[in-house]
$ cat input23.cif   # mmCIF, C-alpha atoms and all ligand atoms
data_upload
loop_
_atom_site.label_atom_id
_atom_site.label_comp_id
_atom_site.auth_asym_id
_atom_site.auth_seq_id
_atom_site.Cartn_x
_atom_site.Cartn_y
_atom_site.Cartn_z
CA MET A 1 39.96 177.42 64.64
CA LYS A 2 41.36 174.97 62.09
CA LYS A 3 43.83 172.32 63.25
CA ASP A 4 47.31 171.90 61.77
CA LEU A 5 47.31 168.93 59.41
CA MET A 6 51.00 169.03 58.59
CA THR A 7 53.84 171.03 60.09
CA ILE A 8 57.18 171.40 58.35
CA GLU A 9 59.99 172.41 60.70
CA ASN A 10 63.42 173.67 59.59
CA LEU A 11 63.39 171.58 56.42
CA LYS A 12 66.69 171.45 54.55
CA LYS A 13 67.62 169.57 51.42
CA TYR A 14 71.24 169.79 50.31
CA PHE A 15 72.40 167.83 47.26
CA PRO A 16 76.10 166.91 47.43
CA ILE A 17 78.32 167.88 44.50
CA LYS A 18 80.75 165.04 43.91
CA THR A 19 83.89 164.95 41.82
CA GLY A 20 86.63 162.55 40.80
CA LEU A 21 86.85 158.78 40.82
CA PHE A 22 86.05 158.47 44.51
CA GLY A 23 83.14 160.88 44.44
CA LYS A 24 84.71 163.35 46.84
CA ILE A 25 82.12 165.87 48.03
CA VAL A 26 83.26 169.37 47.07
CA GLY A 27 80.14 171.33 47.94
CA TYR A 28 76.38 171.27 48.21
CA VAL A 29 73.44 172.59 46.24
CA LYS A 30 71.31 174.11 48.97
CA ALA A 31 67.96 173.59 47.26
CA VAL A 32 65.91 174.04 50.44
CA ASP A 33 67.47 175.82 53.38
CA ASP A 34 65.62 175.97 56.68
CA VAL A 35 62.00 176.22 55.62
CA SER A 36 59.14 176.03 58.16
CA PHE A 37 55.40 176.30 57.60
CA SER A 38 52.16 174.49 58.32
CA ILE A 39 49.10 173.37 56.41
CA LYS A 40 45.77 173.39 58.23
CA ASP A 41 42.75 171.14 57.75
CA GLY A 42 40.81 172.14 54.63
CA GLU A 43 43.33 174.84 53.67
CA VAL A 44 44.96 175.60 50.31
CA VAL A 45 48.58 176.66 50.74
CA SER A 46 50.49 177.85 47.67
CA LEU A 47 54.25 177.84 47.34
CA VAL A 48 55.26 180.37 44.72
CA GLY A 49 58.57 181.45 43.24
CA GLU A 50 60.68 181.33 40.10
CA SER A 51 62.06 178.03 38.85
CA GLY A 52 65.05 177.08 40.98
CA SER A 53 63.45 178.55 44.12
CA GLY A 54 63.26 175.12 45.75
CA LYS A 55 59.47 174.77 45.75
CA THR A 56 59.46 171.48 43.83
CA THR A 57 62.19 170.06 46.08
CA ILE A 58 60.03 170.91 49.11
CA ALA A 59 57.16 169.00 47.49
CA LYS A 60 59.44 166.03 46.75
CA CYS A 61 60.56 165.93 50.39
CA LEU A 62 56.92 165.95 51.55
CA LEU A 63 56.12 163.16 49.10
CA LEU A 64 59.14 161.19 50.38
CA LEU A 65 60.67 161.23 46.90
CA GLU A 66 63.68 162.98 48.45
CA LYS A 67 65.04 162.41 51.95
CA PRO A 68 65.42 165.70 53.82
CA THR A 69 68.96 166.56 54.92
CA HIS A 70 67.51 168.04 58.10
CA GLY A 71 64.17 168.94 59.63
CA LYS A 72 60.84 167.45 60.56
CA ILE A 73 57.62 166.74 58.71
CA ILE A 74 54.99 166.33 61.41
CA PHE A 75 51.78 164.62 60.34
CA ASN A 76 49.13 163.23 62.72
CA GLY A 77 51.48 163.87 65.62
CA TYR A 78 54.48 161.89 64.30
CA ASN A 79 57.62 162.87 62.42
CA VAL A 80 57.36 161.28 58.98
CA VAL A 81 61.13 161.55 58.39
CA ASP A 82 61.88 158.76 60.89
CA ALA A 83 58.49 157.03 61.02
CA ASP A 84 58.11 153.22 61.05
CA ASN A 85 56.59 151.35 58.11
CA LYS A 86 53.05 151.33 59.54
CA ARG A 87 53.03 155.11 59.90
CA LEU A 88 54.65 155.59 56.51
CA ARG A 89 51.89 153.52 54.93
CA ASN A 90 49.30 155.66 56.66
CA TYR A 91 51.12 158.81 55.52
CA ARG A 92 51.35 157.63 51.89
CA ARG A 93 47.64 156.97 51.86
CA ASN A 94 46.84 160.39 53.26
CA VAL A 95 49.21 162.47 51.14
CA GLN A 96 48.70 162.14 47.40
CA ALA A 97 50.13 164.03 44.43
CA VAL A 98 49.12 165.35 41.03
CA PHE A 99 51.92 166.41 38.70
CA GLN A 100 52.20 168.87 35.86
CA ASN A 101 52.05 166.48 32.92
CA PRO A 102 49.41 163.75 33.29
CA PHE A 103 50.79 161.87 30.29
CA LEU A 104 54.06 161.36 32.15
CA SER A 105 52.45 160.49 35.47
CA LEU A 106 49.85 158.00 34.15
CA ASP A 107 51.07 154.53 33.15
CA PRO A 108 50.46 154.34 29.36
CA ARG A 109 49.89 150.55 29.58
CA MET A 110 47.01 150.83 32.05
CA ASN A 111 43.45 151.82 31.26
CA VAL A 112 41.55 154.36 33.36
CA TYR A 113 39.84 151.65 35.41
CA ASP A 114 43.17 150.06 36.38
CA ILE A 115 44.82 153.43 37.02
CA ILE A 116 42.14 154.42 39.53
CA SER A 117 41.52 150.98 41.05
CA GLU A 118 45.21 150.22 41.72
CA PRO A 119 45.60 152.42 44.85
CA VAL A 120 42.05 151.55 45.97
CA LYS A 121 42.87 147.81 46.02
CA THR A 122 46.04 148.55 48.04
CA HIS A 123 44.52 150.82 50.66
CA ILE A 124 40.78 150.11 50.94
CA LYS A 125 39.04 146.84 51.77
CA ILE A 126 36.57 146.44 48.95
CA SER A 127 35.09 143.50 47.06
CA ARG A 128 35.60 143.03 43.32
CA ALA A 129 31.92 143.69 42.72
CA GLU A 130 31.96 146.93 44.71
CA LEU A 131 35.19 148.12 43.06
CA TYR A 132 33.58 148.79 39.69
CA ASN A 133 30.90 151.02 41.20
CA TYR A 134 33.48 152.74 43.42
CA VAL A 135 35.77 153.57 40.50
CA SER A 136 32.81 154.75 38.37
CA LYS A 137 31.72 157.07 41.19
CA ILE A 138 35.21 158.56 41.57
CA LEU A 139 35.35 159.10 37.81
CA GLU A 140 31.97 160.84 37.94
CA MET A 141 33.27 163.12 40.73
CA VAL A 142 35.97 164.42 38.38
CA GLY A 143 33.46 164.98 35.57
CA LEU A 144 34.05 161.88 33.44
CA ASP A 145 31.44 159.19 32.72
CA GLU A 146 31.74 155.40 32.52
CA SER A 147 32.62 155.53 28.81
CA PHE A 148 36.15 156.56 29.89
CA LEU A 149 36.74 153.52 32.10
CA TYR A 150 38.48 151.39 29.51
CA LYS A 151 40.32 154.13 27.64
CA PHE A 152 44.10 154.38 27.75
CA PRO A 153 45.93 157.66 28.46
CA HIS A 154 46.82 158.22 24.79
CA GLU A 155 43.08 158.25 23.96
CA LEU A 156 42.46 161.19 26.32
CA SER A 157 42.83 164.95 25.89
CA GLY A 158 45.16 166.82 28.28
CA GLY A 159 42.25 167.97 30.44
CA GLN A 160 40.69 164.49 30.56
CA ALA A 161 44.04 162.91 31.46
CA GLN A 162 44.52 165.45 34.30
CA ARG A 163 41.02 164.60 35.56
CA VAL A 164 42.06 160.92 35.67
CA ALA A 165 45.24 161.83 37.57
CA ILE A 166 43.09 163.79 40.06
CA ALA A 167 40.66 160.85 40.32
CA ARG A 168 43.52 158.52 41.16
CA ALA A 169 44.82 160.94 43.81
CA ILE A 170 41.45 161.35 45.56
CA SER A 171 40.36 157.72 45.17
CA ILE A 172 41.67 156.68 48.59
CA ASN A 173 40.28 159.62 50.55
CA PRO A 174 43.55 161.40 51.29
CA LYS A 175 43.74 164.36 53.65
CA LEU A 176 46.28 166.34 51.60
CA VAL A 177 46.91 166.53 47.85
CA ILE A 178 50.12 168.12 46.58
CA PHE A 179 49.75 169.69 43.13
CA ASP A 180 52.91 170.52 41.20
CA GLU A 181 51.95 173.03 38.48
CA PRO A 182 48.66 171.15 37.86
CA THR A 183 47.39 173.34 35.03
CA SER A 184 50.50 174.70 33.33
CA ALA A 185 50.52 171.96 30.65
CA LEU A 186 46.86 172.63 29.77
CA ASP A 187 45.09 175.06 27.43
CA VAL A 188 43.89 178.25 29.13
CA SER A 189 40.20 177.31 28.63
CA ILE A 190 40.78 173.93 30.35
CA GLN A 191 42.81 175.45 33.20
CA ALA A 192 39.74 177.22 34.63
CA GLN A 193 37.68 174.02 34.47
CA ILE A 194 40.35 172.07 36.35
CA LEU A 195 40.67 174.80 38.99
CA ASN A 196 36.90 174.81 39.50
CA LEU A 197 37.00 171.04 39.86
CA LEU A 198 39.74 171.29 42.49
CA ILE A 199 37.71 173.81 44.50
CA GLU A 200 34.60 171.63 44.25
CA LEU A 201 36.44 168.47 45.37
CA LYS A 202 38.17 170.27 48.22
CA ASP A 203 34.84 171.43 49.65
CA LYS A 204 33.09 168.11 49.06
CA MET A 205 35.86 165.96 50.57
CA ASN A 206 37.32 168.44 53.09
CA LEU A 207 40.73 168.13 51.44
CA SER A 208 43.79 170.28 52.04
CA TYR A 209 46.00 171.25 49.12
CA LEU A 210 49.61 172.26 48.74
CA LEU A 211 49.91 173.98 45.39
CA ILE A 212 53.32 174.45 43.80
CA THR A 213 53.19 177.02 41.04
CA HIS A 214 54.80 180.02 39.40
CA ASP A 215 51.40 181.13 38.06
CA LEU A 216 50.11 183.83 40.38
CA SER A 217 46.74 184.12 38.70
CA ILE A 218 45.97 180.53 39.82
CA VAL A 219 47.22 181.28 43.30
CA ARG A 220 44.90 184.23 43.65
CA TYR A 221 41.97 182.13 42.52
CA ILE A 222 42.35 179.18 44.84
CA SER A 223 44.69 179.84 47.81
CA ASP A 224 44.03 180.59 51.45
CA VAL A 225 47.72 181.05 52.26
CA ILE A 226 50.68 182.08 50.09
CA ILE A 227 54.30 181.30 50.82
CA VAL A 228 56.85 183.06 48.62
CA VAL A 229 60.17 181.22 48.25
CA TYR A 230 63.42 182.39 46.72
CA LEU A 231 66.64 180.42 46.47
CA GLY A 232 65.57 177.81 49.01
CA LYS A 233 64.25 180.21 51.65
CA ILE A 234 60.89 181.72 52.56
CA MET A 235 60.71 185.46 51.85
CA GLU A 236 57.11 186.17 52.85
CA SER A 237 54.00 184.28 53.93
CA GLY A 238 50.47 185.21 54.80
CA LEU A 239 46.80 184.94 54.01
CA SER A 240 46.25 185.23 50.29
CA GLU A 241 44.26 188.46 50.50
CA ASP A 242 46.88 190.08 52.75
CA VAL A 243 49.78 189.17 50.47
CA PHE A 244 47.93 190.28 47.32
CA ASN A 245 46.63 193.44 48.99
CA GLU A 246 49.83 194.49 50.64
CA PRO A 247 52.88 192.59 49.38
CA LEU A 248 55.74 193.45 51.72
CA HIS A 249 58.86 191.75 50.40
CA PRO A 250 60.49 193.37 47.35
CA TYR A 251 60.57 189.93 45.69
CA THR A 252 56.81 189.42 46.24
CA GLN A 253 56.17 192.93 44.91
CA THR A 254 58.14 192.00 41.80
CA LEU A 255 56.20 188.78 41.27
CA LEU A 256 52.84 190.50 41.75
CA SER A 257 53.76 193.38 39.45
CA SER A 258 53.42 190.97 36.53
CA ILE A 259 49.66 190.40 37.08
CA PRO A 260 46.71 192.83 37.36
CA ASP A 261 45.65 194.05 40.82
CA PRO A 262 42.93 191.60 41.98
CA PHE A 263 40.67 194.38 43.25
CA THR A 264 41.02 197.17 40.69
CA ARG A 265 41.96 194.85 37.77
CA LYS A 266 44.52 197.50 36.79
CA LEU A 267 48.07 196.52 35.91
CA ARG A 268 50.51 197.39 38.68
CA GLU A 269 53.70 199.21 37.85
CA ARG A 270 55.90 196.46 36.43
CA ILE A 271 59.12 195.88 38.38
CA ILE A 272 61.84 194.18 36.38
CA LEU A 273 64.40 192.27 38.40
CA ARG A 274 68.09 192.69 37.69
CA GLY A 275 69.93 189.59 36.49
CA GLU A 276 69.31 185.90 37.02
CA PRO A 277 68.81 184.18 40.39
CA PRO A 278 72.23 183.33 41.90
CA SER A 279 73.31 179.70 42.14
CA PRO A 280 72.09 177.74 45.18
CA ILE A 281 75.60 176.19 45.30
CA ASN A 282 76.99 179.46 46.57
CA PRO A 283 74.02 181.57 47.69
CA PRO A 284 74.59 185.24 48.52
CA SER A 285 75.48 186.11 52.11
CA GLY A 286 72.96 187.94 54.29
CA CYS A 287 69.63 188.27 52.52
CA ARG A 288 69.60 185.88 49.57
CA PHE A 289 67.72 188.40 47.48
CA HIS A 290 70.24 191.21 47.97
CA THR A 291 71.98 190.81 44.60
CA ARG A 292 68.70 191.65 42.83
CA CYS A 293 66.90 193.85 45.32
CA PRO A 294 66.26 197.49 44.34
CA PHE A 295 66.24 198.49 48.05
CA VAL A 296 69.43 196.73 49.15
CA MET A 297 71.25 198.23 52.17
CA ASP A 298 74.64 197.40 53.67
CA ILE A 299 73.16 195.24 56.41
CA CYS A 300 71.35 193.11 53.79
CA ARG A 301 74.71 191.92 52.44
CA GLU A 302 76.02 191.02 55.88
CA MET A 303 73.19 189.51 57.91
CA ALA A 304 70.18 187.38 57.07
CA PRO A 305 67.01 189.34 57.93
CA PRO A 306 64.91 188.15 60.88
CA GLU A 307 61.29 187.10 60.55
CA ILE A 308 59.04 190.11 61.09
CA THR A 309 55.35 189.68 61.90
CA HIS A 310 53.52 192.46 60.10
CA LYS A 311 50.13 191.36 61.30
CA GLN A 312 48.82 188.03 62.48
CA ASP A 313 49.92 185.35 60.01
CA HIS A 314 51.51 187.88 57.63
CA LYS A 315 55.26 187.49 57.96
CA VAL A 316 58.24 188.77 56.03
CA PHE A 317 62.00 188.29 56.11
CA CYS A 318 63.35 191.73 55.21
CA TRP A 319 65.45 194.40 56.91
CA LEU A 320 63.12 197.13 55.58
CA TYR A 321 60.58 196.17 58.26
CA VAL A 322 62.94 195.98 61.24
CA LYS A 323 62.12 198.88 63.57
CA LYS A 324 65.19 200.98 64.29
FE1 LIG B 1 66.04 193.82 49.85
FE2 LIG B 1 67.45 193.99 52.10
FE3 LIG B 1 64.87 193.35 52.21
FE4 LIG B 1 66.66 191.62 51.26
S1 LIG B 1 66.53 192.40 53.36
S2 LIG B 1 64.70 192.11 50.39
S3 LIG B 1 68.07 192.98 50.21
S4 LIG B 1 65.76 195.29 51.51
#
$ encode --input "input23.cif" --output "structure tokens" --more "lines below"
Ligand code: SF4
Amino acid sequence: MKKDLMTIENLKKYFPIKTGLFGKIVGYVKAVDDVSFSIKDGEVVSLVGESGSGKTTIAKCLLLLEKPTHGKIIFNGYNVVDADNKRLRNYRRNVQAVFQNPFLSLDPRMNVYDIISEPVKTHIKISRAELYNYVSKILEMVGLDESFLYKFPHELSGGQAQRVAIARAISINPKLVIFDEPTSALDVSIQAQILNLLIELKDKMNLSYLLITHDLSIVRYISDVIIVVYLGKIMESGLSEDVFNEPLHPYTQTLLSSIPDPFTRKLRERIILRGEPPSPINPPSGCRFHTRCPFVMDICREMAPPEITHKQDHKVFCWLYVKK
């Protein structure tokens, strides 16, 4: 059985809404509201949901770009949220990120060699002579040859630039890489190449991935586990094949209705959601999805649904599955 690499417990991120000269707090944007899940060694976990669901804020909390309002991020047995500097350094080495637009994440003044060697020099003891070979080898692993070493980001195509961003992320042998919409800025033909590269690197380096995306066709292709989020809360989670085979939550069913069935390749009956997602400043009472759910019942408006285990590792938060 695979070991937990990272466990997220009751994570909350509330952004204060301030007003007036003295910045009085008049409310909070509840971007992430009590989210718990874990990522195992060598596993690909995908967080899916519409924009505004809180998935990117979760990623920012895990990357320490945002301080959680509440909750724990357990990594290697310690809580990262209140870890000392030594542990934080270890965490930063082991958890790397690749963002949507490589041209925004790569420093335009640095060439490929400097971009990749910068984290290596910080985290790995290596001589100057060895560094060149090391960087060349990393570049080769992402499918680029030495002729790219001294190019600058503006001289690269979108796919090549994303390969450099991936090379930088894997250069210091992390355990987990967080990808925020890694292919959505790329042409469709390049997307498949990048996904194949990610699968190859994961197997070769025994990496774990957390993939943040709204693109369910990618999720189906690469994920072991899917977590569906809506308005800062988890709606459903489970093994990829279970969620695709038998989506339980009405929100998951809606998301999956927009792509062909993975087994029959036939289009499912398209479910169109009513209205826009409500504001996370004042989320709906009870089940957060109730204002858009075609199956809403009275209890859904009053009480948040409990977590129901459908089968091992396939869980849903919905009153439809509570046995009467
Ligand atoms: Fe719909 Fe109620 Fe289930 Fe929420 S709990 S998804 S409103 S049926």
$ closest_atom_pairs --input "input23.cif" --of "chain A" --to "ligand LIG 1 (chain B)" --cutoff "10 Å" --atoms "all atoms listed in the file" --output "Markdown table"
| residue | atom | partner | partner_atom | distance |
| --- | --- | --- | --- | --- |
| A:Met235 | CA | B:LIG1 | S2 | 7.9 |
| A:Glu236 | CA | B:LIG1 | S2 | 9.9 |
| A:Leu248 | CA | B:LIG1 | FE3 | 9.1 |
| A:His249 | CA | B:LIG1 | S2 | 5.9 |
| A:Pro250 | CA | B:LIG1 | S2 | 5.3 |
| A:Tyr251 | CA | B:LIG1 | S2 | 6.6 |
| A:Thr252 | CA | B:LIG1 | S2 | 9.3 |
| A:Gly286 | CA | B:LIG1 | S1 | 7.9 |
| A:Cys287 | CA | B:LIG1 | FE4 | 4.7 |
| A:Arg288 | CA | B:LIG1 | FE4 | 6.7 |
| A:Phe289 | CA | B:LIG1 | FE4 | 5.1 |
| A:His290 | CA | B:LIG1 | S3 | 3.6 |
| A:Thr291 | CA | B:LIG1 | S3 | 7.2 |
| A:Arg292 | CA | B:LIG1 | S3 | 7.5 |
| A:Cys293 | CA | B:LIG1 | FE1 | 4.6 |
| A:Pro294 | CA | B:LIG1 | FE1 | 6.6 |
| A:Phe295 | CA | B:LIG1 | S4 | 4.7 |
| A:Val296 | CA | B:LIG1 | S3 | 4.1 |
| A:Met297 | CA | B:LIG1 | FE2 | 5.7 |
| A:Asp298 | CA | B:LIG1 | FE2 | 8.1 |
| A:Ile299 | CA | B:LIG1 | FE2 | 7.3 |
| A:Cys300 | CA | B:LIG1 | FE2 | 4.3 |
| A:Arg301 | CA | B:LIG1 | S3 | 7.1 |
| A:Glu302 | CA | B:LIG1 | FE2 | 9.8 |
| A:Met303 | CA | B:LIG1 | S1 | 8.6 |
| A:Ala304 | CA | B:LIG1 | S1 | 7.2 |
| A:Pro305 | CA | B:LIG1 | S1 | 5.5 |
| A:Pro306 | CA | B:LIG1 | S1 | 8.8 |
| A:Val316 | CA | B:LIG1 | FE3 | 8.9 |
| A:Phe317 | CA | B:LIG1 | S1 | 6.7 |
| A:Cys318 | CA | B:LIG1 | FE3 | 3.7 |
| A:Trp319 | CA | B:LIG1 | S1 | 4.2 |
| A:Leu320 | CA | B:LIG1 | S4 | 5.2 |
| A:Tyr321 | CA | B:LIG1 | FE3 | 7.9 |
| A:Val322 | CA | B:LIG1 | S1 | 9.4 |
$ write_last_selection --input "input23.cif" --atoms "C-alpha atoms" --output "JSON list (two decimals), in the frame of the given file"
[["chain", "number", "residue", "atom", "x", "y", "z"],
["A", 235, "MET", "CA", 60.71, 185.46, 51.85],
["A", 236, "GLU", "CA", 57.11, 186.17, 52.85],
["A", 248, "LEU", "CA", 55.74, 193.45, 51.72],
["A", 249, "HIS", "CA", 58.86, 191.75, 50.40],
["A", 250, "PRO", "CA", 60.49, 193.37, 47.35],
["A", 251, "TYR", "CA", 60.57, 189.93, 45.69],
["A", 252, "THR", "CA", 56.81, 189.42, 46.24],
["A", 286, "GLY", "CA", 72.96, 187.94, 54.29],
["A", 287, "CYS", "CA", 69.63, 188.27, 52.52],
["A", 288, "ARG", "CA", 69.60, 185.88, 49.57],
["A", 289, "PHE", "CA", 67.72, 188.40, 47.48],
["A", 290, "HIS", "CA", 70.24, 191.21, 47.97],
["A", 291, "THR", "CA", 71.98, 190.81, 44.60],
["A", 292, "ARG", "CA", 68.70, 191.65, 42.83],
["A", 293, "CYS", "CA", 66.90, 193.85, 45.32],
["A", 294, "PRO", "CA", 66.26, 197.49, 44.34],
["A", 295, "PHE", "CA", 66.24, 198.49, 48.05],
["A", 296, "VAL", "CA", 69.43, 196.73, 49.15],
["A", 297, "MET", "CA", 71.25, 198.23, 52.17],
["A", 298, "ASP", "CA", 74.64, 197.40, 53.67],
["A", 299, "ILE", "CA", 73.16, 195.24, 56.41],
["A", 300, "CYS", "CA", 71.35, 193.11, 53.79],
["A", 301, "ARG", "CA", 74.71, 191.92, 52.44],
["A", 302, "GLU", "CA", 76.02, 191.02, 55.88],
["A", 303, "MET", "CA", 73.19, 189.51, 57.91],
["A", 304, "ALA", "CA", 70.18, 187.38, 57.07],
["A", 305, "PRO", "CA", 67.01, 189.34, 57.93],
["A", 306, "PRO", "CA", 64.91, 188.15, 60.88],
["A", 316, "VAL", "CA", 58.24, 188.77, 56.03],
["A", 317, "PHE", "CA", 62.00, 188.29, 56.11],
["A", 318, "CYS", "CA", 63.35, 191.73, 55.21],
["A", 319, "TRP", "CA", 65.45, 194.40, 56.91],
["A", 320, "LEU", "CA", 63.12, 197.13, 55.58],
["A", 321, "TYR", "CA", 60.58, 196.17, 58.26],
["A", 322, "VAL", "CA", 62.94, 195.98, 61.24]]
$ closest_residue --input "input23.cif" --among "A:Val45, A:Ile272, A:Ile39, A:Val32" --to "Lys67 of chain A" --atoms "all atoms listed in the file"
A:Val32
$ closest_residue --input "input23.cif" --among "A:Phe244, A:Phe75, A:Phe15, A:Phe22" --to "Lys175 of chain A" --atoms "all atoms listed in the file"
A:Phe75
$ atom_distance --input "input23.cif" --atom1 "atom CA of Glu200 of chain A" --atom2 "atom CA of Glu140 of chain A"
12.8 Å
$ closest_residue --input "input23.cif" --among "A:Ala167, A:Ile226, A:Lys324, A:Asn282" --to "Ile17 of chain A" --atoms "only C-alpha atoms"
A:Asn282
$ atom_distance --input "input23.cif" --atom1 "atom CA of Gly52 of chain A" --atom2 "atom CA of Val229 of chain A"
9.7 Å
$ closest_residue --input "input23.cif" --among "A:Met141, A:Ile166, A:Ile234, A:Leu210" --to "Lys12 of chain A" --atoms "all atoms listed in the file"
A:Ile234
$ atom_distance --input "input23.cif" --atom1 "atom CA of Leu156 of chain A" --atom2 "atom CA of Arg168 of chain A"
15.1 Å
$ build_atoms --input "input23.cif" --residues "segment 186-207 of chain A" --atoms "N, CA and C atoms" --output "compact mmCIF listing (two decimals), keeping the file's coordinate frame"
# COMPACT_ATOMS: atom_id res chain seq x y z
N LEU A 186 48.19 172.68 30.40
CA LEU A 186 46.86 172.63 29.77
C LEU A 186 46.52 173.94 29.07
N ASP A 187 45.57 173.85 28.10
CA ASP A 187 45.09 175.06 27.43
C ASP A 187 44.42 175.97 28.46
N VAL A 188 44.44 177.28 28.17
CA VAL A 188 43.89 178.25 29.13
C VAL A 188 42.42 177.94 29.44
N SER A 189 41.64 177.56 28.41
CA SER A 189 40.20 177.31 28.63
C SER A 189 40.01 176.12 29.57
N ILE A 190 40.90 175.14 29.51
CA ILE A 190 40.78 173.93 30.35
C ILE A 190 41.27 174.23 31.77
N GLN A 191 42.24 175.13 31.88
CA GLN A 191 42.81 175.45 33.20
C GLN A 191 41.72 175.86 34.19
N ALA A 192 40.80 176.74 33.73
CA ALA A 192 39.74 177.22 34.63
C ALA A 192 38.83 176.08 35.06
N GLN A 193 38.54 175.16 34.12
CA GLN A 193 37.68 174.02 34.47
C GLN A 193 38.34 173.16 35.54
N ILE A 194 39.64 172.92 35.38
CA ILE A 194 40.35 172.07 36.35
C ILE A 194 40.40 172.76 37.71
N LEU A 195 40.63 174.07 37.71
CA LEU A 195 40.67 174.80 38.99
C LEU A 195 39.31 174.75 39.69
N ASN A 196 38.24 174.91 38.91
CA ASN A 196 36.90 174.81 39.50
C ASN A 196 36.66 173.43 40.09
N LEU A 197 37.14 172.42 39.36
CA LEU A 197 37.00 171.04 39.86
C LEU A 197 37.75 170.87 41.19
N LEU A 198 38.95 171.42 41.26
CA LEU A 198 39.74 171.29 42.49
C LEU A 198 39.02 171.95 43.67
N ILE A 199 38.44 173.11 43.42
CA ILE A 199 37.71 173.81 44.50
C ILE A 199 36.50 172.98 44.94
N GLU A 200 35.80 172.43 43.96
CA GLU A 200 34.60 171.63 44.25
C GLU A 200 34.97 170.38 45.08
N LEU A 201 36.03 169.70 44.67
CA LEU A 201 36.44 168.47 45.37
C LEU A 201 36.93 168.78 46.78
N LYS A 202 37.64 169.88 46.91
CA LYS A 202 38.17 170.27 48.22
C LYS A 202 37.01 170.46 49.21
N ASP A 203 35.98 171.17 48.76
CA ASP A 203 34.84 171.43 49.65
C ASP A 203 34.06 170.15 49.94
N LYS A 204 33.87 169.33 48.90
CA LYS A 204 33.09 168.11 49.06
C LYS A 204 33.79 167.10 49.97
N MET A 205 35.11 167.01 49.84
CA MET A 205 35.86 165.96 50.57
C MET A 205 36.67 166.50 51.74
N ASN A 206 36.53 167.79 52.03
CA ASN A 206 37.32 168.44 53.09
C ASN A 206 38.82 168.16 52.93
N LEU A 207 39.31 168.37 51.72
CA LEU A 207 40.73 168.13 51.44
C LEU A 207 41.54 169.37 51.77
